[in-house]
>>> print(open('work-v5.csv').read())   # CSV, C-alpha atoms
chain,number,residue,atom,x,y,z
U,1,MET,CA,-12.3,3.2,21.7
U,2,ASP,CA,-9.0,4.5,20.1
U,3,LEU,CA,-5.6,3.4,21.2
U,4,GLN,CA,-2.2,4.8,20.0
U,5,LEU,CA,1.0,3.2,21.1
U,6,ARG,CA,4.0,5.4,20.1
U,7,GLY,CA,7.5,4.3,21.0
U,8,CYS,CA,6.3,2.1,23.8
U,9,VAL,CA,8.4,-0.6,25.5
U,10,GLY,CA,6.8,-3.6,27.1
U,11,ILE,CA,3.5,-3.4,25.2
U,12,GLU,CA,3.5,-7.2,25.2
U,13,HIS,CA,2.1,-6.9,28.7
U,14,LEU,CA,-1.0,-5.4,27.2
U,15,SER,CA,-2.0,-8.6,25.5
U,16,PRO,CA,-4.5,-9.6,28.3
U,17,GLN,CA,-6.4,-6.4,27.3
U,18,PHE,CA,-7.1,-7.8,23.8
U,19,THR,CA,-10.1,-9.8,24.7
U,20,SER,CA,-13.2,-10.7,22.8
U,21,GLY,CA,-15.1,-8.1,24.9
U,22,ASN,CA,-13.0,-5.1,24.0
U,23,ASN,CA,-14.4,-2.1,22.1
U,24,LEU,CA,-11.3,-1.2,20.3
U,25,ARG,CA,-12.1,0.5,16.9
U,26,ARG,CA,-8.9,2.4,16.0
U,27,LEU,CA,-5.4,1.0,16.8
U,28,SER,CA,-2.1,2.7,15.9
U,29,ILE,CA,1.2,1.0,16.8
U,30,ILE,CA,4.2,3.3,16.0
U,31,THR,CA,7.8,2.0,16.6
U,32,SER,CA,6.7,-0.1,19.6
U,33,THR,CA,8.1,-3.5,20.5
U,34,LYS,CA,6.9,-7.1,20.3
U,35,ILE,CA,3.4,-7.0,18.8
U,36,GLU,CA,1.7,-10.3,18.2
U,37,TRP,CA,-0.7,-11.4,15.5
U,38,LYS,CA,-2.9,-13.1,18.1
U,39,TRP,CA,-4.0,-9.7,19.4
U,40,PHE,CA,-6.1,-9.2,16.3
U,41,GLN,CA,-8.0,-12.4,16.9
U,42,SER,CA,-10.0,-10.6,19.6
U,43,THR,CA,-10.3,-7.1,18.0
U,44,THR,CA,-13.6,-8.0,16.4
U,45,LYS,CA,-14.8,-4.4,16.2
U,46,LEU,CA,-11.6,-2.9,14.8
U,47,GLU,CA,-12.2,-0.4,11.9
U,48,PHE,CA,-8.7,1.2,11.5
U,49,LEU,CA,-5.2,-0.2,11.9
U,50,GLY,CA,-2.0,1.8,11.5
U,51,LEU,CA,1.4,0.1,11.7
U,52,THR,CA,4.9,1.8,11.7
U,53,LEU,CA,7.4,-0.8,12.6
U,54,THR,CA,11.1,-1.5,12.2
U,55,VAL,CA,13.0,-4.8,11.8
U,56,ALA,CA,14.8,-4.0,15.1
U,57,ASN,CA,11.7,-3.9,17.3
U,58,SER,CA,9.2,-6.3,15.8
U,59,SER,CA,8.9,-10.0,16.0
U,60,ILE,CA,5.9,-10.4,13.5
U,61,LYS,CA,6.3,-12.1,10.2
U,62,GLU,CA,4.2,-13.0,7.1
U,63,VAL,CA,1.8,-10.4,5.9
U,64,SER,CA,-0.5,-13.2,4.8
U,65,LYS,CA,-1.3,-13.9,8.4
U,66,LEU,CA,-2.2,-10.3,9.0
U,67,ILE,CA,-4.5,-10.3,6.0
U,68,LYS,CA,-6.1,-13.5,7.1
U,69,LEU,CA,-6.8,-12.1,10.6
U,70,LEU,CA,-8.2,-8.8,9.2
U,71,SER,CA,-10.4,-10.7,6.8
U,72,LYS,CA,-12.3,-12.1,9.8
U,73,ILE,CA,-13.1,-8.6,11.2
U,74,PRO,CA,-16.4,-7.6,9.6
U,75,THR,CA,-16.0,-3.9,10.6
U,76,PHE,CA,-12.4,-3.4,9.4
U,77,SER,CA,-12.1,-0.9,6.6
U,78,CYS,CA,-8.9,1.1,6.7
U,79,LEU,CA,-5.2,0.1,6.8
U,80,GLU,CA,-2.2,2.4,7.0
U,81,LEU,CA,1.4,1.2,6.7
U,82,ASP,CA,4.8,2.7,6.1
U,83,SER,CA,7.6,1.2,4.0
U,84,PRO,CA,9.8,-0.1,6.8
U,85,THR,CA,6.8,-2.1,8.0
U,86,LEU,CA,6.6,-3.9,4.6
U,87,GLU,CA,10.1,-5.3,5.1
U,88,VAL,CA,9.4,-6.3,8.7
U,89,PHE,CA,7.0,-8.9,7.2
U,90,GLY,CA,9.9,-10.8,5.7
U,91,PRO,CA,10.1,-12.3,2.2
U,92,PRO,CA,7.0,-11.7,0.1
U,93,PRO,CA,4.6,-14.6,-0.3
U,94,SER,CA,5.4,-17.1,-3.1
U,95,ASP,CA,2.0,-16.8,-4.8
U,96,LEU,CA,1.8,-13.0,-5.6
U,97,ALA,CA,-0.8,-13.3,-8.3
U,98,ARG,CA,-3.5,-15.1,-6.3
U,99,PRO,CA,-3.4,-14.4,-2.6
U,100,ALA,CA,-4.8,-17.3,-0.5
U,101,THR,CA,-7.0,-15.0,1.6
U,102,LYS,CA,-8.7,-11.7,0.7
U,103,ALA,CA,-9.9,-9.1,3.1
U,104,VAL,CA,-13.1,-8.1,1.3
U,105,ASN,CA,-14.2,-5.5,3.9
U,106,LEU,CA,-11.2,-3.2,3.5
U,107,ARG,CA,-12.0,0.0,1.7
U,108,SER,CA,-8.9,2.3,2.2
U,109,LEU,CA,-5.2,1.5,1.9
U,110,THR,CA,-2.4,4.1,2.7
U,111,VAL,CA,1.3,3.4,2.3
U,112,TYR,CA,3.8,6.1,3.4
U,113,ARG,CA,7.4,6.5,2.1
U,114,LEU,CA,7.1,3.7,-0.4
U,115,LYS,CA,10.5,3.3,-2.0
U,116,ILE,CA,9.5,2.6,-5.6
U,117,HIS,CA,13.1,1.4,-6.4
U,118,ASN,CA,12.8,-1.3,-3.6
U,119,PHE,CA,11.7,-4.5,-5.2
U,120,CYS,CA,10.6,-6.1,-2.0
U,121,GLN,CA,8.3,-3.2,-1.1
U,122,ILE,CA,6.8,-3.1,-4.6
U,123,LEU,CA,6.0,-6.8,-4.4
U,124,TYR,CA,4.3,-6.3,-1.1
U,125,VAL,CA,2.2,-3.4,-2.3
U,126,VAL,CA,1.0,-5.3,-5.3
U,127,TYR,CA,0.3,-8.3,-3.1
U,128,MET,CA,-1.8,-6.2,-0.7
U,129,ILE,CA,-3.7,-4.5,-3.5
U,130,ARG,CA,-4.6,-7.9,-4.9
U,131,SER,CA,-5.7,-9.0,-1.3
U,132,PHE,CA,-8.2,-6.2,-1.0
U,133,PRO,CA,-10.6,-6.6,-4.0
U,134,ASN,CA,-13.1,-4.0,-2.7
U,135,LEU,CA,-10.7,-1.1,-2.3
U,136,GLN,CA,-12.2,2.3,-2.9
U,137,ASP,CA,-9.3,4.6,-2.0
U,138,ILE,CA,-5.6,4.2,-2.4
U,139,CYS,CA,-3.0,6.7,-1.1
U,140,ILE,CA,0.7,6.1,-1.8
U,141,GLU,CA,3.6,8.4,-0.8
U,142,LEU,CA,6.7,7.7,-2.9
U,143,ALA,CA,10.1,8.1,-1.4
U,144,LEU,CA,13.0,8.5,-3.8
U,145,ASP,CA,16.4,9.7,-2.5
U,146,GLN,CA,17.3,11.1,-5.9
U,147,VAL,CA,16.2,11.0,-9.5
U,148,LYS,CA,18.4,8.4,-11.2
U,149,SER,CA,18.8,6.9,-14.6
U,150,LEU,CA,17.6,3.3,-15.0
U,151,ASN,CA,19.9,0.8,-13.3
U,152,PRO,CA,19.7,-3.1,-13.3
U,153,LYS,CA,17.6,-3.2,-10.1
U,154,GLU,CA,15.1,-0.6,-11.5
U,155,ALA,CA,15.0,-2.5,-14.8
U,156,THR,CA,13.9,-5.6,-12.9
U,157,ILE,CA,11.1,-3.7,-11.2
U,158,GLU,CA,10.0,-2.3,-14.6
U,159,LEU,CA,9.9,-5.7,-16.2
U,160,TYR,CA,7.9,-7.1,-13.3
U,161,LEU,CA,5.3,-4.3,-13.4
U,162,ALA,CA,5.1,-4.6,-17.2
U,163,SER,CA,4.5,-8.3,-17.0
U,164,LEU,CA,1.6,-8.2,-14.5
U,165,ASP,CA,-1.8,-9.3,-15.8
U,166,TRP,CA,-4.1,-6.3,-15.3
U,167,LYS,CA,-7.1,-8.7,-15.2
U,168,ASP,CA,-5.8,-10.2,-11.9
U,169,MET,CA,-5.9,-7.0,-10.0
U,170,PHE,CA,-9.7,-7.0,-9.4
U,171,LEU,CA,-10.1,-3.3,-8.5
U,172,ASP,CA,-13.7,-3.0,-9.6
U,173,ARG,CA,-14.7,-0.6,-6.8
U,174,LEU,CA,-11.6,1.6,-6.8
U,175,GLN,CA,-12.7,5.2,-7.1
U,176,THR,CA,-9.9,7.5,-6.0
U,177,VAL,CA,-6.1,7.2,-6.1
U,178,LYS,CA,-3.7,9.7,-4.6
U,179,MET,CA,0.0,9.4,-5.3
U,180,LYS,CA,2.6,11.8,-4.0
U,181,GLY,CA,6.3,12.2,-5.0
U,182,VAL,CA,5.8,11.2,-8.7
U,183,VAL,CA,8.9,11.5,-10.9
U,184,HIS,CA,9.6,10.7,-14.6
U,185,SER,CA,10.5,7.1,-14.4
U,186,ARG,CA,9.4,4.1,-16.6
U,187,TYR,CA,8.7,1.9,-13.5
U,188,VAL,CA,6.7,4.6,-11.8
U,189,LEU,CA,4.7,5.1,-15.0
U,190,HIS,CA,4.1,1.3,-15.2
U,191,PHE,CA,2.7,1.3,-11.7
U,192,ILE,CA,0.3,4.1,-12.5
U,193,LYS,CA,-0.7,2.3,-15.7
U,194,LEU,CA,-1.5,-0.8,-13.7
U,195,LEU,CA,-3.9,1.1,-11.5
U,196,LEU,CA,-5.6,2.9,-14.4
U,197,ALA,CA,-6.0,-0.2,-16.5
U,198,SER,CA,-7.5,-2.3,-13.6
U,199,SER,CA,-10.1,0.1,-12.2
U,200,PRO,CA,-13.4,0.4,-14.2
U,201,SER,CA,-15.0,2.6,-11.5
U,202,LEU,CA,-12.1,5.0,-11.1
U,203,LYS,CA,-13.2,8.6,-10.8
U,204,VAL,CA,-10.0,10.5,-9.9
U,205,ILE,CA,-6.3,9.8,-9.8
U,206,SER,CA,-4.4,12.7,-8.2
U,207,LEU,CA,-0.7,12.7,-8.9
U,208,PHE,CA,1.6,15.1,-7.1
U,209,CYS,CA,5.0,15.8,-8.6
U,210,SER,CA,8.1,15.2,-6.5
U,211,THR,CA,9.6,18.4,-5.0
U,212,LYS,CA,12.9,17.2,-6.5
U,213,ILE,CA,11.5,18.0,-10.0
U,214,THR,CA,12.0,21.7,-10.6
U,215,CYS,CA,12.4,21.9,-14.3
U,216,PRO,CA,9.1,22.9,-16.0
U,217,LYS,CA,10.0,20.8,-19.1
U,218,GLU,CA,10.4,17.7,-17.0
U,219,LYS,CA,7.0,18.3,-15.3
U,220,LEU,CA,5.4,18.8,-18.8
U,221,ARG,CA,7.0,15.5,-20.0
U,222,ILE,CA,5.6,13.6,-17.1
U,223,LYS,CA,2.1,15.1,-17.7
U,224,GLN,CA,2.2,14.2,-21.4
U,225,ASP,CA,3.2,10.6,-20.7
U,226,LEU,CA,0.4,10.3,-18.1
U,227,GLN,CA,-2.3,11.6,-20.5
U,228,GLN,CA,-1.4,8.8,-22.9
U,229,CYS,CA,-2.0,6.0,-20.4
U,230,HIS,CA,-4.9,3.7,-21.1
U,231,ARG,CA,-7.9,4.1,-18.7
U,232,LEU,CA,-10.4,1.3,-18.1
U,233,SER,CA,-12.8,3.9,-16.7
U,234,LEU,CA,-14.0,6.3,-19.3
U,235,ASP,CA,-14.8,8.8,-16.5
U,236,ALA,CA,-11.4,8.7,-14.8
U,237,GLN,CA,-9.8,12.1,-14.5
U,238,ILE,CA,-6.0,12.5,-14.1
U,239,ILE,CA,-5.2,15.5,-11.9
U,240,TRP,CA,-1.6,16.5,-12.2
U,241,CYS,CA,-0.3,18.8,-9.4
>>> encode(input="work-v5.csv", output="structure tokens")
Amino acid sequence: MDLQLRGCVGIEHLSPQFTSGNNLRRLSIITSTKIEWKWFQSTTKLEFLGLTLTVANSSIKEVSKLIKLLSKIPTFSCLELDSPTLEVFGPPPSDLARPATKAVNLRSLTVYRLKIHNFCQILYVVYMIRSFPNLQDICIELALDQVKSLNPKEATIELYLASLDWKDMFLDRLQTVKMKGVVHSRYVLHFIKLLLASSPSLKVISLFCSTKITCPKEKLRIKQDLQQCHRLSLDAQIIWC
């Protein structure tokens, strides 16, 4: 059974429907109010979850609780989120390097409109990637309002990404990465390097240039920098679009 709740008010009254006997396999909750983590305790057949939430209409906190619940669903394999949802979860967990719980059944992670200059969102994405050690596919859509020179906040993100221990990522099964909205930026490049250097089974990483980049020389510069990135997988292909 598939269920999509889009812009719904009063969905908390649906909680009696989330029983151990339900056959819910795909659930999408889009800008709807008052969802509860306890719903997922009974969705034992869930395969796909999509969340698009805002701070104004959600009472859920702590992404670690969501990961813990999803780790108990043996059929669960696909998670889709957008960037406002990441901030709904509240402050990132204190132990980013070694998540307490890992959802080993998850195979596909999609994040829409990720603001690569937003430190909180970057912390959450890294935390989630580390929480899903058997990921096979990652799709990230970057959202940058404008191409800017490096500022203090972006320098903090760059230093954080550069300081990460690649060996802690555990992306042994990652095969495909798709990233849209790529710009020439040191912190974006560090994020791509992190994935390339942590994925021994990677086959293809497809990078789509931001529509804000119109200069052919700038596109060539990005391509040249990407080709110099270290790849843990000797078979990994970088496709630049």
>>> residues_around(input="work-v5.csv", residues="Asn105 of chain U", least_positions_apart="4", cutoff="10 Å", atoms="only C-alpha atoms", output="PyMOL selection string")
chain U and resi 47+70-78+132-135
>>> closest_residue(input="work-v5.csv", among="U:Leu142, U:Leu114, U:Ile222, U:Ile129", to="Leu195 of chain U", atoms="all atoms listed in the file")
U:Ile129
>>> residues_around(input="work-v5.csv", residues="segment 28-42 of chain U", least_positions_apart="5", cutoff="9 Å", atoms="all atoms listed in the file", output="ChimeraX atom specification")
/U:2-12,15-22,48-54,56-61,65-66,69-70,72-73,80
>>> atom_distance(input="work-v5.csv", atom1="atom CA of Ile239 of chain U", atom2="atom CA of Ser206 of chain U")
4.7 Å
>>> residues_around(input="work-v5.csv", residues="Thr101 of chain U", least_positions_apart="4", cutoff="7 Å", atoms="all atoms listed in the file", output="mmCIF file with C-alpha atoms, in the frame of the given file")
data_model
loop_
_atom_site.group_PDB
_atom_site.id
_atom_site.type_symbol
_atom_site.label_atom_id
_atom_site.label_comp_id
_atom_site.auth_asym_id
_atom_site.auth_seq_id
_atom_site.Cartn_x
_atom_site.Cartn_y
_atom_site.Cartn_z
ATOM 1 C CA ILE U 67 -4.500 -10.300 6.000
ATOM 2 C CA LYS U 68 -6.100 -13.500 7.100
ATOM 3 C CA SER U 131 -5.700 -9.000 -1.300
#
>>> atom_distance(input="work-v5.csv", atom1="atom CA of Thr214 of chain U", atom2="atom CA of Glu158 of chain U")
24.4 Å
>>> closest_residue(input="work-v5.csv", among="U:Val204, U:Pro99, U:Gly181, U:Ser163", to="Gln136 of chain U", atoms="all atoms listed in the file")
U:Val204
>>> atom_distance(input="work-v5.csv", atom1="atom CA of Ile138 of chain U", atom2="atom CA of His190 of chain U")
16.3 Å
>>> closest_residue(input="work-v5.csv", among="U:Asn23, U:Thr43, U:Gln121, U:Gln224", to="Val63 of chain U", atoms="all atoms listed in the file")
U:Gln121
>>> closest_residue(input="work-v5.csv", among="U:Lys223, U:His117, U:Val188, U:Ser201", to="Asp137 of chain U", atoms="only C-alpha atoms")
U:Ser201
>>> closest_residue(input="work-v5.csv", among="U:Leu123, U:Ala103, U:Leu24, U:Val111", to="Pro91 of chain U", atoms="all atoms listed in the file")
U:Leu123
>>> decode(input="work-v5.csv", residues="segment 216-238 of chain U", atoms="N, CA, C and O atoms", output="mmCIF file, in the first residue's frame")
data_model
loop_
_atom_site.group_PDB
_atom_site.id
_atom_site.type_symbol
_atom_site.label_atom_id
_atom_site.label_comp_id
_atom_site.auth_asym_id
_atom_site.auth_seq_id
_atom_site.Cartn_x
_atom_site.Cartn_y
_atom_site.Cartn_z
ATOM 1 N N PRO U 216 32.381 28.810 -20.128
ATOM 2 C CA PRO U 216 33.037 27.537 -20.496
ATOM 3 C C PRO U 216 34.350 27.307 -19.752
ATOM 4 O O PRO U 216 34.671 26.173 -19.390
ATOM 5 N N LYS U 217 35.114 28.371 -19.491
ATOM 6 C CA LYS U 217 36.388 28.231 -18.785
ATOM 7 C C LYS U 217 36.161 27.770 -17.347
ATOM 8 O O LYS U 217 36.936 26.988 -16.811
ATOM 9 N N GLU U 218 35.100 28.275 -16.735
ATOM 10 C CA GLU U 218 34.798 27.874 -15.365
ATOM 11 C C GLU U 218 34.395 26.405 -15.314
ATOM 12 O O GLU U 218 34.799 25.661 -14.415
ATOM 13 N N LYS U 219 33.608 25.965 -16.291
ATOM 14 C CA LYS U 219 33.207 24.555 -16.357
ATOM 15 C C LYS U 219 34.424 23.662 -16.562
ATOM 16 O O LYS U 219 34.538 22.592 -15.952
ATOM 17 N N LEU U 220 35.350 24.096 -17.419
ATOM 18 C CA LEU U 220 36.566 23.325 -17.676
ATOM 19 C C LEU U 220 37.426 23.244 -16.420
ATOM 20 O O LEU U 220 37.999 22.191 -16.116
ATOM 21 N N ARG U 221 37.492 24.328 -15.678
ATOM 22 C CA ARG U 221 38.278 24.355 -14.438
ATOM 23 C C ARG U 221 37.721 23.357 -13.426
ATOM 24 O O ARG U 221 38.477 22.631 -12.771
ATOM 25 N N ILE U 222 36.404 23.296 -13.310
ATOM 26 C CA ILE U 222 35.781 22.335 -12.392
ATOM 27 C C ILE U 222 36.105 20.916 -12.833
ATOM 28 O O ILE U 222 36.478 20.061 -12.021
ATOM 29 N N LYS U 223 35.976 20.664 -14.121
ATOM 30 C CA LYS U 223 36.244 19.325 -14.654
ATOM 31 C C LYS U 223 37.677 18.907 -14.390
ATOM 32 O O LYS U 223 37.952 17.758 -14.002
ATOM 33 N N GLN U 224 38.632 19.813 -14.596
ATOM 34 C CA GLN U 224 40.043 19.496 -14.381
ATOM 35 C C GLN U 224 40.330 19.176 -12.913
ATOM 36 O O GLN U 224 41.077 18.247 -12.602
ATOM 37 N N ASP U 225 39.717 19.931 -12.008
ATOM 38 C CA ASP U 225 39.903 19.672 -10.581
ATOM 39 C C ASP U 225 39.329 18.317 -10.184
ATOM 40 O O ASP U 225 39.922 17.589 -9.371
ATOM 41 N N LEU U 226 38.189 17.964 -10.761
ATOM 42 C CA LEU U 226 37.548 16.694 -10.429
ATOM 43 C C LEU U 226 38.372 15.510 -10.905
ATOM 44 O O LEU U 226 38.468 14.485 -10.230
ATOM 45 N N GLN U 227 39.001 15.651 -12.063
ATOM 46 C CA GLN U 227 39.790 14.558 -12.614
ATOM 47 C C GLN U 227 41.018 14.256 -11.755
ATOM 48 O O GLN U 227 41.587 13.167 -11.828
ATOM 49 N N GLN U 228 41.440 15.210 -10.943
ATOM 50 C CA GLN U 228 42.616 15.020 -10.098
ATOM 51 C C GLN U 228 42.275 14.400 -8.746
ATOM 52 O O GLN U 228 43.181 14.085 -7.966
ATOM 53 N N CYS U 229 40.986 14.207 -8.462
ATOM 54 C CA CYS U 229 40.571 13.658 -7.171
ATOM 55 C C CYS U 229 40.980 12.188 -7.050
ATOM 56 O O CYS U 229 40.863 11.414 -8.009
ATOM 57 N N HIS U 230 41.436 11.814 -5.873
ATOM 58 C CA HIS U 230 41.803 10.420 -5.611
ATOM 59 C C HIS U 230 40.549 9.545 -5.590
ATOM 60 O O HIS U 230 39.534 9.898 -5.003
ATOM 61 N N ARG U 231 40.608 8.382 -6.231
ATOM 62 C CA ARG U 231 39.488 7.446 -6.266
ATOM 63 C C ARG U 231 39.914 6.135 -5.633
ATOM 64 O O ARG U 231 40.888 5.519 -6.075
ATOM 65 N N LEU U 232 39.195 5.711 -4.624
ATOM 66 C CA LEU U 232 39.499 4.439 -3.991
ATOM 67 C C LEU U 232 39.165 3.277 -4.919
ATOM 68 O O LEU U 232 39.839 2.241 -4.920
ATOM 69 N N SER U 233 38.120 3.464 -5.734
ATOM 70 C CA SER U 233 37.754 2.456 -6.732
ATOM 71 C C SER U 233 38.453 2.747 -8.053
ATOM 72 O O SER U 233 38.273 3.816 -8.635
ATOM 73 N N LEU U 234 39.248 1.790 -8.528
ATOM 74 C CA LEU U 234 39.959 1.988 -9.784
ATOM 75 C C LEU U 234 39.017 1.993 -10.989
ATOM 76 O O LEU U 234 39.377 2.480 -12.060
ATOM 77 N N ASP U 235 37.800 1.464 -10.785
ATOM 78 C CA ASP U 235 36.832 1.400 -11.886
ATOM 79 C C ASP U 235 35.884 2.599 -11.898
ATOM 80 O O ASP U 235 35.021 2.696 -12.773
ATOM 81 N N ALA U 236 36.011 3.481 -10.940
ATOM 82 C CA ALA U 236 35.074 4.603 -10.828
ATOM 83 C C ALA U 236 35.222 5.568 -11.996
ATOM 84 O O ALA U 236 36.319 5.998 -12.331
ATOM 85 N N GLN U 237 34.106 5.894 -12.598
ATOM 86 C CA GLN U 237 34.073 6.870 -13.702
ATOM 87 C C GLN U 237 33.442 8.170 -13.192
ATOM 88 O O GLN U 237 32.427 8.132 -12.490
ATOM 89 N N ILE U 238 34.057 9.277 -13.542
ATOM 90 C CA ILE U 238 33.479 10.594 -13.222
ATOM 91 C C ILE U 238 32.859 11.123 -14.508
ATOM 92 O O ILE U 238 33.550 11.406 -15.476
#
